[in-house]
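So this block is my_file37.cif, mmCIF, C-alpha atoms:
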data_my_file
loop_
_atom_site.label_atom_id
_atom_site.label_comp_id
_atom_site.auth_asym_id
_atom_site.auth_seq_id
_atom_site.Cartn_x
_atom_site.Cartn_y
_atom_site.Cartn_z
CA MET A 1 29.99 26.11 -36.04
CA LEU A 2 28.20 23.69 -33.72
CA THR A 3 31.44 23.29 -31.78
CA VAL A 4 31.80 27.05 -31.26
CA LEU A 5 28.18 27.27 -30.11
CA THR A 6 28.69 24.37 -27.71
CA ILE A 7 31.82 25.92 -26.23
CA THR A 8 30.00 29.25 -25.74
CA ILE A 9 27.14 27.53 -23.92
CA CYS A 10 29.57 25.46 -21.83
CA VAL A 11 31.28 28.69 -20.75
CA GLY A 12 27.84 30.05 -19.83
CA VAL A 13 27.11 26.98 -17.70
CA LEU A 14 30.46 27.22 -15.94
CA VAL A 15 30.16 30.96 -15.29
CA GLY A 16 26.65 30.46 -13.92
CA SER A 17 27.72 27.70 -11.55
CA LEU A 18 30.84 29.63 -10.42
CA LEU A 19 28.73 32.73 -9.69
CA ALA A 20 26.26 30.53 -7.78
CA ILE A 21 29.10 29.57 -5.40
CA VAL A 22 31.04 32.84 -5.27
CA LEU A 23 28.27 35.45 -4.90
CA ASP A 24 27.53 36.48 -1.32
CA SER A 25 23.89 37.44 -1.78
CA LEU A 26 21.74 34.31 -1.52
CA THR A 27 19.15 35.56 -4.01
CA SER A 28 21.79 36.29 -6.65
CA ALA A 29 23.38 32.88 -6.06
CA VAL A 30 20.04 31.10 -6.54
CA VAL A 31 19.31 33.01 -9.73
CA SER A 32 22.80 32.19 -11.05
CA ALA A 33 22.23 28.50 -10.35
CA GLY A 34 18.97 28.78 -12.30
CA LEU A 35 20.89 30.43 -15.14
CA ALA A 36 23.41 27.57 -15.20
CA SER A 37 20.48 25.15 -15.34
CA LEU A 38 18.93 27.03 -18.27
CA PHE A 39 22.21 26.95 -20.20
CA ALA A 40 22.46 23.24 -19.43
CA SER A 41 19.03 22.72 -21.00
CA VAL A 42 20.29 24.40 -24.21
CA LEU A 43 23.25 22.01 -24.03
CA TYR A 44 20.86 19.06 -23.91
CA VAL A 45 19.19 20.30 -27.10
CA LEU A 46 22.59 20.45 -28.79
CA LEU A 47 23.25 16.87 -27.62
CA SER A 48 19.94 15.77 -29.25
CA ALA A 49 18.08 15.03 -26.02
CA PRO A 50 14.97 17.28 -26.30
CA ASP A 51 13.03 15.35 -23.63
CA VAL A 52 15.71 16.05 -21.06
CA ALA A 53 15.94 19.68 -22.17
CA MET A 54 12.22 20.22 -21.55
CA THR A 55 12.44 18.68 -18.10
CA GLU A 56 15.49 20.70 -17.16
CA ALA A 57 13.98 23.97 -18.39
CA ALA A 58 10.74 23.46 -16.46
CA ILE A 59 12.08 21.85 -13.29
CA GLY A 60 15.76 22.75 -12.98
CA SER A 61 15.50 26.43 -13.76
CA GLY A 62 11.86 27.13 -12.90
CA LEU A 63 10.55 25.20 -9.93
CA THR A 64 13.90 24.69 -8.13
CA THR A 65 14.62 28.42 -8.22
CA MET A 66 11.15 29.11 -6.90
CA ILE A 67 11.41 26.78 -3.89
CA PHE A 68 14.85 28.23 -3.08
CA LEU A 69 13.37 31.74 -3.15
CA TYR A 70 10.52 30.69 -0.84
CA THR A 71 13.05 29.20 1.58
CA ILE A 72 15.18 32.35 1.55
CA LYS A 73 12.10 34.45 2.23
CA LYS A 74 11.13 32.23 5.14
CA THR A 75 14.55 32.11 6.77
CA GLN A 76 14.96 35.86 7.01
CA GLY A 77 11.97 36.67 9.17
CA VAL A 78 11.96 38.70 12.37
CA LYS A 79 13.50 36.97 15.35
CA LYS A 80 10.97 35.13 17.40
CA GLU A 81 11.40 33.34 20.68
CA VAL A 82 14.08 30.68 20.31
CA LEU A 83 12.61 27.35 21.34
CA LYS A 84 15.74 25.85 22.84
CA MET B 1 40.84 28.22 -35.59
CA GLY B 2 37.41 27.13 -36.75
CA LEU B 3 38.71 24.15 -38.65
CA TYR B 4 40.97 23.14 -35.80
CA LEU B 5 38.07 23.26 -33.34
CA ASN B 6 36.10 20.75 -35.37
CA GLN B 7 38.54 18.01 -34.44
CA TYR B 8 37.20 17.94 -30.89
CA PRO B 9 34.02 15.88 -30.56
CA LEU B 10 31.05 17.57 -28.96
CA ALA B 11 30.71 14.87 -26.32
CA SER B 12 34.22 15.47 -24.95
CA ILE B 13 33.67 19.21 -24.55
CA VAL B 14 30.44 18.63 -22.68
CA LEU B 15 32.04 15.86 -20.59
CA ILE B 16 34.79 18.26 -19.46
CA THR B 17 32.14 20.88 -18.61
CA GLY B 18 30.24 18.35 -16.50
CA PHE B 19 33.35 17.30 -14.56
CA MET B 20 34.25 20.96 -13.95
CA MET B 21 30.72 21.59 -12.64
CA ILE B 22 31.12 18.68 -10.22
CA LEU B 23 34.42 20.13 -8.98
CA ILE B 24 32.95 23.63 -8.61
CA GLY B 25 29.99 22.23 -6.68
CA LEU B 26 32.18 20.13 -4.38
CA TRP B 27 34.39 23.14 -3.69
CA GLY B 28 31.30 25.13 -2.70
CA MET B 29 30.00 22.30 -0.53
CA LEU B 30 33.29 22.05 1.37
CA THR B 31 34.10 25.72 1.86
CA LYS B 32 30.76 27.45 2.44
CA THR B 33 29.11 27.60 5.85
CA ASN B 34 25.65 28.84 4.87
CA ILE B 35 23.30 25.86 4.58
CA ILE B 36 21.37 27.27 1.63
CA LYS B 37 24.67 27.86 -0.16
CA ILE B 38 25.61 24.21 0.42
CA ILE B 39 22.30 23.07 -1.07
CA ILE B 40 22.85 25.31 -4.11
CA SER B 41 26.23 23.59 -4.52
CA ILE B 42 24.49 20.20 -4.37
CA THR B 43 22.16 21.23 -7.21
CA VAL B 44 25.20 22.35 -9.24
CA VAL B 45 26.80 18.91 -8.73
CA GLU B 46 23.51 17.29 -9.77
CA THR B 47 23.37 19.28 -13.01
CA GLY B 48 26.98 18.31 -13.69
CA VAL B 49 26.24 14.60 -13.29
CA ASN B 50 23.23 14.90 -15.61
CA VAL B 51 25.30 16.71 -18.25
CA ILE B 52 27.92 13.92 -18.09
CA LEU B 53 25.30 11.19 -18.47
CA VAL B 54 23.73 12.84 -21.52
CA SER B 55 27.13 13.43 -23.13
CA ILE B 56 28.00 9.73 -22.75
CA GLY B 57 24.90 8.80 -24.75
CA TYR B 58 25.60 11.27 -27.55
CA ILE B 59 26.93 10.06 -30.87
CA GLN B 60 28.47 12.65 -33.18
CA GLY B 61 26.21 13.86 -35.98
CA ARG B 62 23.10 11.93 -35.00
CA THR B 63 19.59 13.15 -34.25
CA ALA B 64 17.13 12.72 -31.38
CA PRO B 65 15.53 9.26 -30.89
CA ILE B 66 12.12 10.26 -32.26
CA LEU B 67 11.33 8.16 -35.30
CA ASP B 68 8.62 10.28 -36.91
CA THR B 69 9.75 10.16 -40.55
CA ALA B 70 10.01 7.19 -42.87
CA VAL B 71 13.71 7.80 -43.52
CA LEU B 72 14.45 7.59 -39.81
CA GLN B 73 12.39 4.44 -39.36
CA ILE B 74 14.18 2.58 -42.13
CA ASP B 75 17.67 3.55 -41.09
CA ALA B 76 17.20 4.12 -37.35
CA LEU B 77 20.30 2.25 -36.20
CA SER B 78 22.74 4.64 -37.85
CA ARG B 79 20.80 7.86 -37.33
CA VAL B 80 19.66 8.28 -33.72
CA VAL B 81 21.46 8.70 -30.39
CA ASP B 82 21.15 6.38 -27.40
CA PRO B 83 17.71 6.80 -25.74
CA ILE B 84 18.64 5.14 -22.42
CA PRO B 85 20.76 7.95 -20.87
CA SER B 86 17.98 10.42 -21.75
CA ALA B 87 15.46 8.27 -19.90
CA LEU B 88 17.76 7.96 -16.87
CA VAL B 89 18.47 11.69 -16.70
CA LEU B 90 14.75 12.42 -16.94
CA THR B 91 14.27 10.37 -13.78
CA SER B 92 17.26 11.97 -12.11
CA ILE B 93 16.09 15.57 -12.68
CA VAL B 94 12.60 14.96 -11.29
CA ILE B 95 13.95 13.16 -8.23
CA GLY B 96 16.49 15.98 -7.82
CA LEU B 97 13.65 18.45 -7.33
CA GLY B 98 12.07 16.16 -4.72
CA THR B 99 15.26 15.80 -2.69
CA THR B 100 16.01 19.53 -2.95
CA ALA B 101 12.54 20.36 -1.66
CA LEU B 102 13.04 17.94 1.24
CA MET B 103 16.43 19.45 2.13
CA LEU B 104 15.03 22.97 1.99
CA SER B 105 12.12 22.08 4.26
CA TYR B 106 14.66 20.69 6.77
CA VAL B 107 16.47 24.04 6.51
CA ILE B 108 13.25 25.91 7.32
CA LYS B 109 12.67 23.60 10.28
CA MET B 110 16.23 24.09 11.55
CA TYR B 111 15.93 27.85 11.19
CA ARG B 112 12.80 27.81 13.32
CA VAL B 113 14.72 26.08 16.11
CA ARG B 114 18.03 27.96 16.09
CA GLN B 115 17.36 31.17 14.14
CA SER B 116 20.52 30.59 12.17
CA LEU B 117 21.63 29.36 8.76
CA ASN B 118 25.28 28.84 9.70
CA ILE B 119 26.18 25.17 9.75
CA GLU B 120 28.70 25.76 12.57
CA ASP B 121 25.80 26.53 14.90
CA PHE B 122 24.36 23.03 14.54
CA GLY B 123 27.07 21.17 16.42
CA VAL B 124 24.90 18.91 18.54
CA LEU B 125 26.06 15.72 16.88
CA LYS B 126 29.67 16.87 16.60
CA TRP B 127 32.31 14.84 18.41
CA MET C 1 44.18 26.61 7.66
CA ILE C 2 44.75 22.86 7.79
CA LYS C 3 41.11 22.40 6.75
CA ARG C 4 41.64 24.50 3.65
CA PHE C 5 44.74 22.50 2.82
CA PHE C 6 42.84 19.22 2.98
CA ILE C 7 39.98 20.62 0.92
CA ALA C 8 42.41 21.75 -1.77
CA LEU C 9 44.24 18.40 -1.65
CA SER C 10 41.08 16.33 -2.03
CA LEU C 11 39.80 18.52 -4.86
CA ILE C 12 43.14 18.23 -6.67
CA ILE C 13 43.14 14.43 -6.30
CA LEU C 14 39.57 14.30 -7.61
CA ALA C 15 40.46 16.62 -10.50
CA GLY C 16 43.36 14.31 -11.38
CA THR C 17 41.03 11.30 -11.45
CA PHE C 18 38.55 13.18 -13.64
CA ALA C 19 41.37 14.29 -15.96
CA LYS C 20 42.38 10.65 -16.43
CA VAL C 21 38.76 9.71 -17.20
CA VAL C 22 38.45 12.52 -19.76
CA TYR C 23 41.84 11.62 -21.29
CA ASN C 24 40.78 8.00 -21.80
CA PHE C 25 37.26 8.85 -22.95
CA VAL C 26 36.37 7.64 -26.42
CA PRO C 27 33.04 9.00 -27.70
CA ASN C 28 30.57 6.37 -28.85
CA THR C 29 30.43 5.72 -32.56
CA GLU C 30 27.57 3.24 -32.46
CA LEU C 31 24.78 2.25 -30.11
CA THR C 32 25.24 -0.19 -27.26
CA ASN C 33 23.64 -3.62 -27.62
CA VAL C 34 20.63 -2.89 -25.41
CA ALA C 35 20.01 0.41 -27.18
CA LYS C 36 20.26 -1.36 -30.52
CA HIS C 37 17.33 -3.58 -29.57
CA TYR C 38 15.27 -0.62 -28.33
CA VAL C 39 15.95 1.43 -31.47
CA GLN C 40 15.41 -1.40 -33.93
CA HIS C 41 12.32 -3.03 -32.45
CA GLY C 42 10.91 -0.34 -30.16
CA THR C 43 8.62 1.26 -32.71
CA GLN C 44 7.16 -2.04 -33.95
CA GLU C 45 6.87 -3.61 -30.50
CA LEU C 46 5.27 -0.71 -28.66
CA GLY C 47 3.99 1.63 -31.36
CA ALA C 48 5.58 4.78 -29.93
CA THR C 49 7.59 7.04 -32.22
CA ASN C 50 9.39 8.70 -29.29
CA LEU C 51 11.83 6.04 -28.15
CA VAL C 52 12.61 7.82 -24.87
CA THR C 53 8.94 7.45 -23.99
CA ALA C 54 9.07 3.76 -24.92
CA VAL C 55 12.05 3.27 -22.60
CA VAL C 56 10.61 5.33 -19.74
CA VAL C 57 7.08 3.94 -19.79
CA THR C 58 7.44 0.33 -20.83
CA TYR C 59 10.97 -1.04 -21.09
CA ARG C 60 11.99 0.58 -17.80
CA GLY C 61 8.48 1.03 -16.43
CA LEU C 62 9.35 -0.34 -13.02
CA ASP C 63 12.02 2.37 -12.62
CA THR C 64 9.42 5.00 -13.42
CA LEU C 65 7.05 3.55 -10.84
CA GLY C 66 9.89 3.74 -8.31
CA GLU C 67 10.57 7.33 -9.33
CA VAL C 68 6.93 8.29 -8.81
CA VAL C 69 7.08 6.63 -5.38
CA VAL C 70 10.24 8.57 -4.45
CA LEU C 71 8.60 11.81 -5.55
CA PHE C 72 5.53 10.95 -3.48
CA ILE C 73 7.64 10.22 -0.40
CA SER C 74 9.57 13.48 -0.70
CA ALA C 75 6.33 15.45 -1.17
CA ALA C 76 4.91 13.73 1.91
CA GLY C 77 8.12 14.56 3.81
CA VAL C 78 7.87 18.24 2.87
CA GLY C 79 4.25 18.27 3.99
CA LEU C 80 5.12 16.58 7.27
CA LEU C 81 8.03 18.90 8.07
CA LEU C 82 6.27 22.13 7.19
CA ARG C 83 2.84 21.41 8.63
CA ARG C 84 1.39 24.11 10.82
CA ARG C 85 0.45 23.32 14.36
CA LYS C 86 -2.41 25.13 15.98
CA ASN C 87 -0.29 26.62 18.78
CA ASP C 88 2.45 27.68 16.38
CA LEU C 89 2.25 31.42 16.87
CA VAL C 90 4.19 32.48 13.81
CA THR C 91 1.25 34.02 12.00
CA LYS C 92 2.67 37.49 12.35
CA GLU C 93 0.61 40.09 10.54
CA GLU C 94 2.88 41.62 7.95
CA LYS C 95 1.64 44.41 5.80
CA ARG C 96 0.15 42.73 2.78
CA THR C 97 1.48 43.85 -0.54
CA GLU C 98 -0.82 43.02 -3.39
CA PRO C 99 0.85 42.01 -6.68
CA SER C 100 0.73 44.54 -9.46
CA PHE C 101 -2.27 44.84 -11.74
CA LEU C 102 -0.18 43.65 -14.66
CA VAL C 103 0.74 40.33 -13.01
CA GLN C 104 -2.85 39.71 -11.94
CA SER C 105 -4.46 40.35 -15.30
CA VAL C 106 -1.78 38.52 -17.31
CA ALA C 107 -2.05 35.51 -14.99
CA GLU C 108 -5.79 35.33 -15.64
CA ILE C 109 -5.11 34.93 -19.34
CA LEU C 110 -1.98 32.80 -19.19
CA VAL C 111 -2.72 30.23 -16.48
CA PRO C 112 -5.39 28.33 -18.48
CA LEU C 113 -3.13 28.40 -21.52
CA ILE C 114 -0.20 27.03 -19.50
CA PHE C 115 -2.39 24.24 -18.11
CA MET C 116 -3.51 23.44 -21.66
CA LEU C 117 0.12 23.35 -22.84
CA GLY C 118 0.94 20.93 -20.02
CA ALA C 119 -1.98 18.68 -21.00
CA TYR C 120 -0.87 18.85 -24.65
CA ILE C 121 2.66 17.85 -23.69
CA PHE C 122 1.63 14.77 -21.78
CA LEU C 123 -1.03 13.71 -24.28
CA ASN C 124 1.51 13.76 -27.11
CA GLY C 125 4.27 12.11 -25.10
CA HIS C 126 4.48 9.11 -27.42
CA LEU C 127 4.77 11.23 -30.59
CA THR C 128 6.82 14.33 -29.80
CA PRO C 129 9.42 15.25 -27.17
CA GLY C 130 7.74 15.51 -23.82
CA GLY C 131 5.63 13.31 -21.62
CA GLY C 132 4.15 12.98 -18.20
CA PHE C 133 7.01 14.45 -16.23
CA GLN C 134 7.48 17.46 -18.49
CA GLY C 135 3.74 18.12 -18.71
CA GLY C 136 3.40 17.80 -14.94
CA ALA C 137 6.25 20.26 -14.44
CA VAL C 138 4.61 22.72 -16.85
CA ILE C 139 1.33 22.42 -14.93
CA ALA C 140 3.21 23.09 -11.68
CA SER C 141 4.75 26.19 -13.32
CA GLY C 142 1.20 27.37 -14.07
CA THR C 143 0.37 26.89 -10.41
CA MET C 144 3.46 28.93 -9.58
CA LEU C 145 2.18 31.83 -11.69
CA LEU C 146 -1.16 31.49 -9.91
CA PHE C 147 0.62 31.81 -6.55
CA LEU C 148 2.46 34.92 -7.74
CA ALA C 149 -0.78 36.52 -8.86
CA ALA C 150 -2.79 35.63 -5.75
CA PRO C 151 -0.37 35.32 -2.81
CA TYR C 152 -3.00 35.11 -0.07
CA LYS C 153 -5.29 32.51 -1.58
CA HIS C 154 -4.92 28.83 -0.82
CA LEU C 155 -5.35 25.77 -2.96
CA ASN C 156 -7.87 23.12 -2.05
CA HIS C 157 -5.60 20.48 -0.56
CA GLY C 158 -8.32 17.83 -0.45
CA VAL C 159 -8.97 17.84 -4.19
CA LEU C 160 -5.27 17.78 -5.03
CA THR C 161 -4.52 14.94 -2.62
CA ALA C 162 -7.47 12.94 -3.92
CA LEU C 163 -6.37 13.42 -7.54
CA GLU C 164 -2.84 12.41 -6.63
CA SER C 165 -3.89 9.26 -4.76
CA ILE C 166 -6.31 8.17 -7.48
CA SER C 167 -3.69 8.57 -10.21
CA GLY C 168 -1.08 6.70 -8.17
CA PHE C 169 -3.54 3.85 -7.65
CA ALA C 170 -4.54 3.84 -11.32
CA TYR C 171 -0.89 3.60 -12.37
CA VAL C 172 -0.36 0.40 -10.39
CA LEU C 173 -3.74 -0.92 -11.60
CA ILE C 174 -2.77 -0.43 -15.26
CA GLY C 175 0.54 -2.11 -14.53
CA ILE C 176 -1.30 -5.15 -13.20
CA LEU C 177 -3.69 -5.11 -16.18
CA GLY C 178 -0.63 -5.57 -18.39
CA VAL C 179 0.14 -8.81 -16.55
CA THR C 180 -3.37 -10.22 -16.43
CA LEU C 181 -4.93 -9.28 -19.79
CA LEU C 182 -1.98 -10.39 -21.89
CA GLY C 183 -1.09 -14.03 -22.10
CA ALA C 184 2.63 -13.57 -21.58
CA GLY C 185 2.49 -9.98 -20.43
CA HIS C 186 4.81 -8.14 -18.09
CA PHE C 187 4.19 -5.60 -15.37
CA ILE C 188 3.35 -2.21 -16.99
CA ASP C 189 2.98 -3.65 -20.47
CA ASN C 190 1.20 -1.21 -22.77
CA ARG C 191 0.08 -3.80 -25.32
CA PHE C 192 -3.21 -4.82 -23.72
CA LEU C 193 -4.82 -2.04 -25.76
CA PRO C 194 -4.51 -2.11 -29.57
CA LEU C 195 -1.33 -0.46 -30.83
CA GLY C 196 -3.16 1.46 -33.53
CA GLU C 197 -1.61 3.28 -36.44
CA LEU C 198 1.92 4.52 -35.88
CA GLY C 199 2.12 8.29 -35.42
CA THR C 200 -1.51 9.04 -34.54
CA LEU C 201 -2.74 10.37 -31.20
CA LEU C 202 -4.65 7.21 -30.27
CA SER C 203 -1.84 4.75 -30.73
CA ALA C 204 0.86 3.00 -28.73
CA GLY C 205 -1.56 1.02 -26.58
CA ALA C 206 -1.72 2.21 -23.00
CA ILE C 207 1.19 4.68 -23.17
CA PRO C 208 -1.06 7.80 -23.49
CA ILE C 209 -3.15 6.64 -20.53
CA ILE C 210 -0.09 5.96 -18.39
CA TYR C 211 1.36 9.35 -19.32
CA ILE C 212 -1.91 11.14 -18.50
CA ILE C 213 -1.82 9.49 -15.09
CA ILE C 214 1.85 10.35 -14.53
CA GLY C 215 1.26 13.92 -15.70
CA LEU C 216 -1.65 14.43 -13.31
CA LYS C 217 0.30 12.87 -10.46
CA VAL C 218 3.49 14.85 -11.00
CA GLY C 219 1.56 18.09 -11.59
CA THR C 220 -0.51 17.83 -8.43
CA GLU C 221 2.44 16.61 -6.37
CA LEU C 222 4.73 19.46 -7.38
CA SER C 223 1.88 21.93 -6.85
CA VAL C 224 1.38 20.59 -3.33
CA VAL C 225 5.14 20.90 -2.66
CA LEU C 226 5.07 24.52 -3.87
CA GLU C 227 2.02 25.24 -1.73
CA ASP C 228 3.67 23.71 1.34
CA MET C 229 6.86 25.70 0.84
CA ARG C 230 4.88 28.90 0.34
CA GLU C 231 2.49 28.68 3.25
CA GLU C 232 3.18 30.31 6.57
#
Would you mind writing the structure in this file as structure tokens?
Amino acid sequence: MLTVLTITICVGVLVGSLLAIVLDSLTSAVVSAGLASLFASVLYVLLSAPDVAMTEAAIGSGLTTMIFLYTIKKTQGVKKEVLK
Amino acid sequence: MGLYLNQYPLASIVLITGFMMILIGLWGMLTKTNIIKIIISITVVETGVNVILVSIGYIQGRTAPILDTAVLQIDALSRVVDPIPSALVLTSIVIGLGTTALMLSYVIKMYRVRQSLNIEDFGVLKW
Amino acid sequence: MIKRFFIALSLIILAGTFAKVVYNFVPNTELTNVAKHYVQHGTQELGATNLVTAVVVTYRGLDTLGEVVVLFISAAGVGLLLRRRKNDLVTKEEKRTEPSFLVQSVAEILVPLIFMLGAYIFLNGHLTPGGGFQGGAVIASGTMLLFLAAPYKHLNHGVLTALESISGFAYVLIGILGVTLLGAGHFIDNRFLPLGELGTLLSAGAIPIIYIIIGLKVGTELSVVLEDMREE
């Protein structure tokens, strides 16, 4: 039973990371990477490492996604004068 | 099928997943030209490495290294998993956020100069 | 075309190497020798029930200090790269969209609770899963919700920087106290305070204090990074 659960979550991680590379839209790619991270944190719980799971859930899928989204928002502004 | 699956240890399955994540991330790093996409690939590689480290420390059928019951304290050696990989991965995840933030702020800076996210446009140091 | 060929070739070679590693991998059936010592004597020596905490704070305390330094340097780098100059005329007036009423009112209720959860996580780091880094990250998530609810308000940088510097200084100071107060102490030794009763909140010597400091430092640092990335 645990094995089946682990394999399901592993497939989730792999699908999330593949989508993060394949998808053309940057926002969707970032959210998929966050999804892969969230699945990875469930994987850490299954591997009896709850400390790591908490860190990954808060940092890997929360804060990292957020700073990526801020960057995407900032790099799509209106064209201003190119410095050089 | 269910019985047959139980022959594979959990750690091996997760180890294979981690290696596949590293390969996926490297493929993205080498083929994509958008800088943000490359950084996303780097985070995928990072997660893969962390997954591998945790899976190396896992021992089949054991519980987390938190000795809060008397049974666990008496028989700790045969009941808990290795705490060292967990501690290392904890460090690695937090530092990963720091380096990602630094890379992304470089991206913002580069975008302000060239108005582009394509890595082919930054060929100043190319030879 | 030739580039794609080389990419495929290198990935295939790497995949072959990984396949060999996986093929020869034998899962552990018992702990390594170092881990054996930590598991067997960790609880008696340091008084912490969570062995990961014991490893992170005391046995590998120097690594953690290095980690905090790396985090500080990267936060400083982000601040340096994204600082705003006075003649930087990028303050274009966009039309301001206020967040919805729902986000604003829920944030008012949830942000204090999230901060409290973060404090709970790093106070109980030696008893339950969690600790300074997790608690700090939870506090930074609370700050994130605050930013979503009030996009045009700014944090007080001075207070955050002061808190961060004081906690960084206090961490090193406690590390030195471990050397001086104990006869044969080591750097970042938690045993200069009484170990107390195993499993209670006030136990494990200086581990709760060190984790409070780390939690405050990580929380403020990540909040400052978020603020820097957000501002423009």
Just the number, please: distance in Å from CA of Ala36 (chain A) to CA of Ile40 (chain B), one decimal.
11.3 Å
Would you translate the PyMOL selection byres ((chain C and resi 7-9) around 12) into the concrete set of residues it matches in this file, as a VMD selection string?
(chain B and resid 23 to 24 26 to 32) or (chain C and resid 1 to 6 10 to 16)
If we count all atoms listed in the file and set the cut-off at 9 Å, which residues sit around Gln44 (chain C), ignoring sequence neighbours fewer than 4 positions away in its own chain? Please answer as a list in words.
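Once the nearby chain positions are removed, what remains is Gln40, Ala48 and Leu198 of chain C.
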Taking (1.3, 41.4, -11.1) in the coordinates of the supplied file, I want to know which residues reach to within 12 Å of it, counting only C-alpha atoms; could you give the answer as a VMD selection string?
chain C and resid 97 to 108 145 to 151
Put those residues in a file: C-alpha atoms, as a compact mmCIF listing (two decimals), in the frame of the given file.
# COMPACT_ATOMS: atom_id res chain seq x y z
CA THR C 97 1.48 43.85 -0.54
CA GLU C 98 -0.82 43.02 -3.39
CA PRO C 99 0.85 42.01 -6.68
CA SER C 100 0.73 44.54 -9.46
CA PHE C 101 -2.27 44.84 -11.74
CA LEU C 102 -0.18 43.65 -14.66
CA VAL C 103 0.74 40.33 -13.01
CA GLN C 104 -2.85 39.71 -11.94
CA SER C 105 -4.46 40.35 -15.30
CA VAL C 106 -1.78 38.52 -17.31
CA ALA C 107 -2.05 35.51 -14.99
CA GLU C 108 -5.79 35.33 -15.64
CA LEU C 145 2.18 31.83 -11.69
CA LEU C 146 -1.16 31.49 -9.91
CA PHE C 147 0.62 31.81 -6.55
CA LEU C 148 2.46 34.92 -7.74
CA ALA C 149 -0.78 36.52 -8.86
CA ALA C 150 -2.79 35.63 -5.75
CA PRO C 151 -0.37 35.32 -2.81
Please expand the PyMOL selection byres ((chain C) within 6 of (chain B)) into the concrete residues it hits in this file, giving the result as a PyMOL selection string.
chain C and resi 28-29+49-52+56+71+74+78
Have a look at B:Leu53, B:Leu72, B:Ile42, B:Val14 and name the one nearest to chain A; count all atoms listed in the file.
B:Val14
Determine, counting all atoms listed in the file, which protein, DNA and RNA residues have an atom within 12 Å of an atom of Val159 (chain C); residues of the same chain fewer than 4 positions away are not included. Present the result as a VMD selection string.
chain C and resid 155 163 to 166 220 to 221 223 to 224
Could you spell out the hits of the PyMOL selection byres ((chain C and resi 126) around 9) on the shown file, as a list in words?
Gly47, Ala48, Thr49, Asn50, Leu51, Val52, Thr53, Ala54, Phe122, Leu123, Asn124, Gly125, Leu127, Thr128, Pro129, Gly130, Gly131, Gly199, Leu201, Ser203, Ala204, Ile207, Pro208 and Tyr211 of chain C
CA of Val113 (chain B) and CA of Lys73 (chain A) are how many Å apart?
16.4 Å
